[in-house]
Structure formats: structure tokens, C-alpha cells
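Scroll down for the structure; my scribbles are underneath it.
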Amino acid sequence: MLDEESVLRDAVREYRAAATAAGLTWPRAAAPPGASAPPVPPTDLVRRLFDVDRVADQVTWLQSRGWGARRLLPNGGWLLPWPTAEDAGEALDILSLSVGTPFPWRRQLPLFHFEFLVYTFVLAGAHEGEIWRYEIAPDAWDAVRAATSLAALFTEWTKGFAAGVVRYDGTDGCLVVGERDRGDVEALVARAPALDPLAFPVSMPDHPLLRARQAECGVDPSAVERGPEIMEELMEQADIIRAGLGV
């Protein structure tokens with residue numbers, strides 16, 4: 001769902017406060033205190049790339065935060081900028097992981113990148129505003145909803161600090177989830193059963209919790225069973241789109 005912008009602002013502010021209290025160094029604001037940062041609107045290429053007429057203001061606001069490629073998210077994740085002609089193909093390649101999603105695979109924007117996961121923002125339709133996650137791993141057909149909205153995602157991450165499952169690691173200056181590089185879903189569930197583990201960037205290929213969420217949010221199980229075939233079809237479609245856009 002789409003958040004009210006004030007709700008999203010509050011959720012991001014609370015996340016930032018929790019992250020800095022944990023020890024993370026946050027970049028200076030993109031605008032002076034008390035001023036609004038100028039919007040960073042999507043380009044015409046962005047709208048054509050994802051086949052939409054508009055992009056929600058929530059994403060435009062997030063892009064105006066001035067985060068750049070700073071690793072401000074759990075497990076060292078970062079905000080992806082608007083795609084350009086130089087990297088539009090990479091965005092489409094990421095979306096070829098969208099096996100069995102209950103919305104058109106192309107109508108989502110890669111938004112957050114983690115070392116082995118990408119989170120996207122659904123741009124249109126009944127699922128607009130939802131955050132979906134895709135694991136970047138061989139033979140992983142794990143498209144699944146990570147959160148119902150951006151504010152819900154940041155709120156869950158903020159709760160992770162209080163629960164002790166998100167912490168600052170001074171060795172690399174990043175936030176980490178659990179103790180392992182890829183995270184430990186079983187430890188996360190045991191330590192914080194009230195939290196949604198799928199909101200956190202931890203690896204869980206073929207995990208029962210993931211399969212249950214897929215069923216809940218409408219992922220087509222027959223498409224998952226034909227994962228390699230479906231992904232190949234999506235990659236072929238991506239090549240056609242790329243050629244049509246000249247990128």
C-alpha cells in the first residue's frame with residue numbers, strides 16, 4: 001500500500017535515530033535544517049523502462065534524502081538511484097527474478113540493494129507501494145513480499161534495534177543482522193519472534209516461512225516450479241524491451 005508521506009517521513013526519521021544511536025554515521029541532510037530537500041523526480045526513461053505513467057511521490061521523496069550509495073540499511077544495504085541509460089539493462093536483469101509475482105513483473109522499481117538481495121517497490125496496480133524481495137542466488141525462485149509498504153519496512157527495521165537483532169559493526173562501519181554475513185533466520189526468529197523475518201535482508205531460500213508468505217501474498221506456485229523456464233522467458237522479454245528503448 002502507499003503510505004501517507006508524513007507516515008513515511010516519521011518512520012524514516014525513527015529508523016535514522018535508532019541507527020545513529022547504535023553507532024552508524026549518517027550523512028548530512030541534503031538540505032539545511034528546517035528546509036525541504038529539492039525533489040529528485042523520475043526521468044522519462046524511468047517511466048518508460050517500468051511501463052508506468054507516474055511514480056509514487058514516496059519514492060521521489062526517498063530519492064531526495066541525499067543518501068547516495070552510503071550503506072545505511074541493515075546488512076550494509078544501500079538505496080539505488082534512478083536507473084539511467086547506462087544501467088537500465090541491469091534493472092531489467094534484476095526484475096527477471098520476478099517468477100510468479102501477482103503483478104506484472106516489469107512494474108516495480110529496484111530500490112534497495114544488499115549483497116545477495118534486492119528489494120523493489122511495486123509501482124502500479126493493487127500491490128502499489130508494497131516492497132518485494134528477490135534473492136540473488138543460483139536456482140532461487142524466491143520472489144516474496146518483504147513488507148506491505150515502505151513505512152512498514154522501516155518500522156520493522158527500527159524494532160530490530162530494540163530487539164537486538166540489528167546492531168552496528170564497527171569493523172566495517174555497517175549495520176548487521178545477527179552474527180553471520182548472510183544472516184541467520186532461525187536465530188532471528190528465536191530472538192525476536194514478534195518481528196517479521198522477511199523484512200530483514202537475511203537469506204532464506206526455500207524456507208517454510210518464505211513459502212508460507214508466498215502463498216499468502218499470491219505468488220504462483222506453478223511458476224515457482226518452472227522457475228528456470230519462467231526466468232528465461234523474462235530475460236528474453238527484457239532484451240526486447242531494452243532494444244525498443246535503445247538502452
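In the C-alpha cells, chains take letters A, B, ... by order of appearance, with residues numbered from 1 within each chain and ligands from 1 in the order shown.
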All alpha helix (DSSP H) residues (DSSP, backbone) inside range 50-100 of chain A, as a list in words: Asp57, Gln58, Val59, Thr60, Trp61, Leu62, Gln63, Ala88, Gly89, Glu90, Ala91, Leu92, Asp93, Ile94 and Leu95 of chain A
Would you save the residues of that selection, restricted to C-alpha atoms, as a PDB file, in the first residue's frame?
```
ATOM      1  CA  ASP A  57       5.777  10.570  -4.502  1.00  0.00           C
ATOM      2  CA  GLN A  58       7.043   8.368  -1.672  1.00  0.00           C
ATOM      3  CA  VAL A  59       9.895   7.111  -3.877  1.00  0.00           C
ATOM      4  CA  THR A  60      10.663  10.602  -5.165  1.00  0.00           C
ATOM      5  CA  TRP A  61      10.897  11.832  -1.564  1.00  0.00           C
ATOM      6  CA  LEU A  62      13.211   8.974  -0.610  1.00  0.00           C
ATOM      7  CA  GLN A  63      15.488   9.742  -3.558  1.00  0.00           C
ATOM      8  CA  ALA A  88      18.779   0.357 -17.332  1.00  0.00           C
ATOM      9  CA  GLY A  89      19.635  -3.134 -18.529  1.00  0.00           C
ATOM     10  CA  GLU A  90      20.814  -4.079 -15.041  1.00  0.00           C
ATOM     11  CA  ALA A  91      17.437  -3.058 -13.595  1.00  0.00           C
ATOM     12  CA  LEU A  92      15.628  -5.281 -16.080  1.00  0.00           C
ATOM     13  CA  ASP A  93      18.015  -8.145 -15.354  1.00  0.00           C
ATOM     14  CA  ILE A  94      17.142  -7.881 -11.653  1.00  0.00           C
ATOM     15  CA  LEU A  95      13.442  -7.980 -12.469  1.00  0.00           C
TER      16      LEU A  95
END
```
Where does range 30-106 of chain A meet range 221-233 of chain A within 8 Å, residue by residue, with the nearest atom pair and distance in Å to one decimal for each, counting only C-alpha atoms, listed by chain and rising number, as CSV?
```
residue,atom,partner,partner_atom,distance
A:Ser96,CA,A:Met231,CA,5.6
A:Leu97,CA,A:Met231,CA,6.2
A:Ser98,CA,A:Met231,CA,7.6
A:Val99,CA,A:Val224,CA,6.2
A:Gly100,CA,A:Ala223,CA,5.0
```
task: Could you give me, as a PyMOL selection string, the residues within 9 Å of Val118 in chain A, counting only C-alpha atoms and dropping anything in the same chain fewer than 6 positions from it?
output: chain A and resi 94+110-112+132-136+201
Quick one: write out the picked residues with N, CA, C and O atoms as a short mmCIF file (atom, residue, chain, number, x, y, z; two decimals), in the first residue's frame?
```
data_model
loop_
_atom_site.label_atom_id
_atom_site.label_comp_id
_atom_site.auth_asym_id
_atom_site.auth_seq_id
_atom_site.Cartn_x
_atom_site.Cartn_y
_atom_site.Cartn_z
N ILE A 94 17.59 -7.60 -13.02
CA ILE A 94 17.14 -7.88 -11.65
C ILE A 94 15.69 -8.35 -11.66
O ILE A 94 15.31 -9.32 -11.00
N PRO A 110 13.65 -1.46 -8.72
CA PRO A 110 14.69 -1.89 -7.77
C PRO A 110 15.07 -0.71 -6.88
O PRO A 110 15.47 0.34 -7.38
N LEU A 111 14.92 -0.87 -5.57
CA LEU A 111 15.05 0.27 -4.66
C LEU A 111 16.20 0.12 -3.68
O LEU A 111 16.96 1.06 -3.46
N PHE A 112 16.32 -1.04 -3.04
CA PHE A 112 17.38 -1.28 -2.07
C PHE A 112 18.21 -2.48 -2.51
O PHE A 112 17.66 -3.51 -2.91
N TRP A 132 8.92 -5.82 -2.32
CA TRP A 132 9.18 -7.23 -2.60
C TRP A 132 10.67 -7.48 -2.59
O TRP A 132 11.48 -6.58 -2.86
N ARG A 133 11.06 -8.71 -2.27
CA ARG A 133 12.47 -9.07 -2.16
C ARG A 133 12.79 -10.24 -3.08
O ARG A 133 11.97 -11.14 -3.28
N TYR A 134 14.01 -10.20 -3.61
CA TYR A 134 14.50 -11.23 -4.53
C TYR A 134 15.91 -11.61 -4.13
O TYR A 134 16.79 -10.74 -4.02
N GLU A 135 16.12 -12.88 -3.90
CA GLU A 135 17.46 -13.35 -3.53
C GLU A 135 18.28 -13.60 -4.80
O GLU A 135 17.80 -14.23 -5.74
N ILE A 136 19.49 -13.09 -4.80
CA ILE A 136 20.38 -13.26 -5.95
C ILE A 136 21.23 -14.49 -5.70
O ILE A 136 22.27 -14.44 -5.04
N PRO A 201 17.04 -8.38 5.61
CA PRO A 201 17.80 -8.96 4.50
C PRO A 201 18.66 -10.14 4.95
O PRO A 201 19.88 -10.05 5.04
#
```
message: Please return, as a ChimeraX atom specification, all residues of range 4-243 of chain A that DSSP assigns to strand (DSSP E) on the basis of the backbone.
response: /A:78-79,108-113,117-122,131-135,144-147,166-169,174-177
Keeping only N, CA and C atoms, write the selected residues as a PDB file, in the first residue's frame.
```pdb
ATOM      1  N   TRP A  78      22.043  -0.459   0.577  1.00  0.00           N
ATOM      2  CA  TRP A  78      22.049   0.931   0.163  1.00  0.00           C
ATOM      3  C   TRP A  78      20.883   1.216  -0.777  1.00  0.00           C
ATOM      4  N   LEU A  79      20.521   2.491  -0.864  1.00  0.00           N
ATOM      5  CA  LEU A  79      19.453   2.954  -1.744  1.00  0.00           C
ATOM      6  C   LEU A  79      19.980   3.045  -3.168  1.00  0.00           C
ATOM      7  N   GLN A 108       7.828  -2.600 -11.310  1.00  0.00           N
ATOM      8  CA  GLN A 108       8.424  -2.453  -9.982  1.00  0.00           C
ATOM      9  C   GLN A 108       9.814  -1.854 -10.150  1.00  0.00           C
ATOM     10  N   LEU A 109      10.224  -1.091  -9.173  1.00  0.00           N
ATOM     11  CA  LEU A 109      11.493  -0.362  -9.226  1.00  0.00           C
ATOM     12  C   LEU A 109      12.484  -0.981  -8.253  1.00  0.00           C
ATOM     13  N   PRO A 110      13.648  -1.463  -8.716  1.00  0.00           N
ATOM     14  CA  PRO A 110      14.695  -1.889  -7.768  1.00  0.00           C
ATOM     15  C   PRO A 110      15.073  -0.709  -6.882  1.00  0.00           C
ATOM     16  N   LEU A 111      14.921  -0.871  -5.567  1.00  0.00           N
ATOM     17  CA  LEU A 111      15.054   0.265  -4.661  1.00  0.00           C
ATOM     18  C   LEU A 111      16.200   0.118  -3.676  1.00  0.00           C
ATOM     19  N   PHE A 112      16.324  -1.041  -3.042  1.00  0.00           N
ATOM     20  CA  PHE A 112      17.383  -1.282  -2.068  1.00  0.00           C
ATOM     21  C   PHE A 112      18.213  -2.478  -2.506  1.00  0.00           C
ATOM     22  N   HIS A 113      19.526  -2.339  -2.404  1.00  0.00           N
ATOM     23  CA  HIS A 113      20.427  -3.425  -2.788  1.00  0.00           C
ATOM     24  C   HIS A 113      21.228  -3.866  -1.572  1.00  0.00           C
ATOM     25  N   LEU A 117      20.612  -9.723  -1.973  1.00  0.00           N
ATOM     26  CA  LEU A 117      19.183  -9.498  -2.091  1.00  0.00           C
ATOM     27  C   LEU A 117      18.918  -8.136  -2.722  1.00  0.00           C
ATOM     28  N   VAL A 118      17.810  -8.040  -3.445  1.00  0.00           N
ATOM     29  CA  VAL A 118      17.325  -6.757  -3.937  1.00  0.00           C
ATOM     30  C   VAL A 118      15.882  -6.603  -3.480  1.00  0.00           C
ATOM     31  N   TYR A 119      15.553  -5.410  -2.951  1.00  0.00           N
ATOM     32  CA  TYR A 119      14.180  -5.088  -2.581  1.00  0.00           C
ATOM     33  C   TYR A 119      13.637  -4.111  -3.629  1.00  0.00           C
ATOM     34  N   THR A 120      12.403  -4.350  -4.063  1.00  0.00           N
ATOM     35  CA  THR A 120      11.791  -3.482  -5.062  1.00  0.00           C
ATOM     36  C   THR A 120      10.542  -2.812  -4.514  1.00  0.00           C
ATOM     37  N   PHE A 121      10.135  -1.738  -5.174  1.00  0.00           N
ATOM     38  CA  PHE A 121       8.918  -1.002  -4.843  1.00  0.00           C
ATOM     39  C   PHE A 121       7.942  -1.213  -5.988  1.00  0.00           C
ATOM     40  N   VAL A 122       6.771  -1.780  -5.696  1.00  0.00           N
ATOM     41  CA  VAL A 122       5.776  -2.028  -6.744  1.00  0.00           C
ATOM     42  C   VAL A 122       5.149  -0.694  -7.146  1.00  0.00           C
ATOM     43  N   ILE A 131       6.676  -3.691  -0.855  1.00  0.00           N
ATOM     44  CA  ILE A 131       8.099  -3.944  -1.012  1.00  0.00           C
ATOM     45  C   ILE A 131       8.291  -5.446  -1.196  1.00  0.00           C
ATOM     46  N   TRP A 132       8.921  -5.819  -2.319  1.00  0.00           N
ATOM     47  CA  TRP A 132       9.180  -7.230  -2.602  1.00  0.00           C
ATOM     48  C   TRP A 132      10.674  -7.484  -2.590  1.00  0.00           C
ATOM     49  N   ARG A 133      11.056  -8.706  -2.266  1.00  0.00           N
ATOM     50  CA  ARG A 133      12.470  -9.067  -2.164  1.00  0.00           C
ATOM     51  C   ARG A 133      12.791 -10.242  -3.078  1.00  0.00           C
ATOM     52  N   TYR A 134      14.013 -10.202  -3.610  1.00  0.00           N
ATOM     53  CA  TYR A 134      14.499 -11.232  -4.529  1.00  0.00           C
ATOM     54  C   TYR A 134      15.911 -11.605  -4.131  1.00  0.00           C
ATOM     55  N   GLU A 135      16.121 -12.878  -3.902  1.00  0.00           N
ATOM     56  CA  GLU A 135      17.459 -13.345  -3.529  1.00  0.00           C
ATOM     57  C   GLU A 135      18.276 -13.596  -4.796  1.00  0.00           C
ATOM     58  N   VAL A 144       9.026 -12.668  -3.122  1.00  0.00           N
ATOM     59  CA  VAL A 144       8.112 -12.663  -1.983  1.00  0.00           C
ATOM     60  C   VAL A 144       7.997 -11.240  -1.434  1.00  0.00           C
ATOM     61  N   ARG A 145       6.860 -10.933  -0.844  1.00  0.00           N
ATOM     62  CA  ARG A 145       6.669  -9.615  -0.251  1.00  0.00           C
ATOM     63  C   ARG A 145       7.470  -9.506   1.044  1.00  0.00           C
ATOM     64  N   ALA A 146       8.258  -8.439   1.141  1.00  0.00           N
ATOM     65  CA  ALA A 146       9.028  -8.181   2.359  1.00  0.00           C
ATOM     66  C   ALA A 146       8.252  -7.308   3.334  1.00  0.00           C
ATOM     67  N   ALA A 147       7.406  -6.414   2.813  1.00  0.00           N
ATOM     68  CA  ALA A 147       6.624  -5.517   3.667  1.00  0.00           C
ATOM     69  C   ALA A 147       5.465  -4.961   2.866  1.00  0.00           C
ATOM     70  N   VAL A 166      19.424  -6.184  15.071  1.00  0.00           N
ATOM     71  CA  VAL A 166      20.182  -5.280  14.201  1.00  0.00           C
ATOM     72  C   VAL A 166      21.163  -4.531  15.094  1.00  0.00           C
ATOM     73  N   ARG A 167      22.428  -4.539  14.714  1.00  0.00           N
ATOM     74  CA  ARG A 167      23.455  -3.888  15.539  1.00  0.00           C
ATOM     75  C   ARG A 167      24.505  -3.255  14.630  1.00  0.00           C
ATOM     76  N   TYR A 168      25.271  -2.364  15.213  1.00  0.00           N
ATOM     77  CA  TYR A 168      26.354  -1.704  14.478  1.00  0.00           C
ATOM     78  C   TYR A 168      27.624  -2.520  14.607  1.00  0.00           C
ATOM     79  N   ASP A 169      28.300  -2.724  13.496  1.00  0.00           N
ATOM     80  CA  ASP A 169      29.583  -3.435  13.472  1.00  0.00           C
ATOM     81  C   ASP A 169      30.674  -2.421  13.149  1.00  0.00           C
ATOM     82  N   CYS A 174      29.152  -0.711   9.329  1.00  0.00           N
ATOM     83  CA  CYS A 174      27.825  -1.012   8.793  1.00  0.00           C
ATOM     84  C   CYS A 174      26.929  -1.616   9.865  1.00  0.00           C
ATOM     85  N   LEU A 175      25.652  -1.620   9.585  1.00  0.00           N
ATOM     86  CA  LEU A 175      24.692  -2.333  10.417  1.00  0.00           C
ATOM     87  C   LEU A 175      24.614  -3.776   9.953  1.00  0.00           C
ATOM     88  N   VAL A 176      24.521  -4.707  10.879  1.00  0.00           N
ATOM     89  CA  VAL A 176      24.418  -6.116  10.516  1.00  0.00           C
ATOM     90  C   VAL A 176      23.213  -6.722  11.219  1.00  0.00           C
ATOM     91  N   VAL A 177      22.708  -7.788  10.636  1.00  0.00           N
ATOM     92  CA  VAL A 177      21.595  -8.542  11.213  1.00  0.00           C
ATOM     93  C   VAL A 177      22.155  -9.863  11.712  1.00  0.00           C
TER      94      VAL A 177
END
```
- line: Restricting to only C-alpha atoms, whichever of A:Ala212, A:Asp44, A:Trp141, A:Tyr15 is closest to Glu156 in chain A is A:Tyr15
- request: Skip Gly129 in chain A itself and residues of its chain fewer than 2 positions away, then list as a list of chain:residue names all residues within 9 Å of it, counting only C-alpha atoms.
  value: A:Met1, A:Leu2, A:Asp3, A:Ala56, A:Gln58, A:Phe121, A:Val122, A:Leu123, A:Ala124, A:Ala126, A:His127, A:Ile131, A:Thr148, A:Ser149, A:Leu150
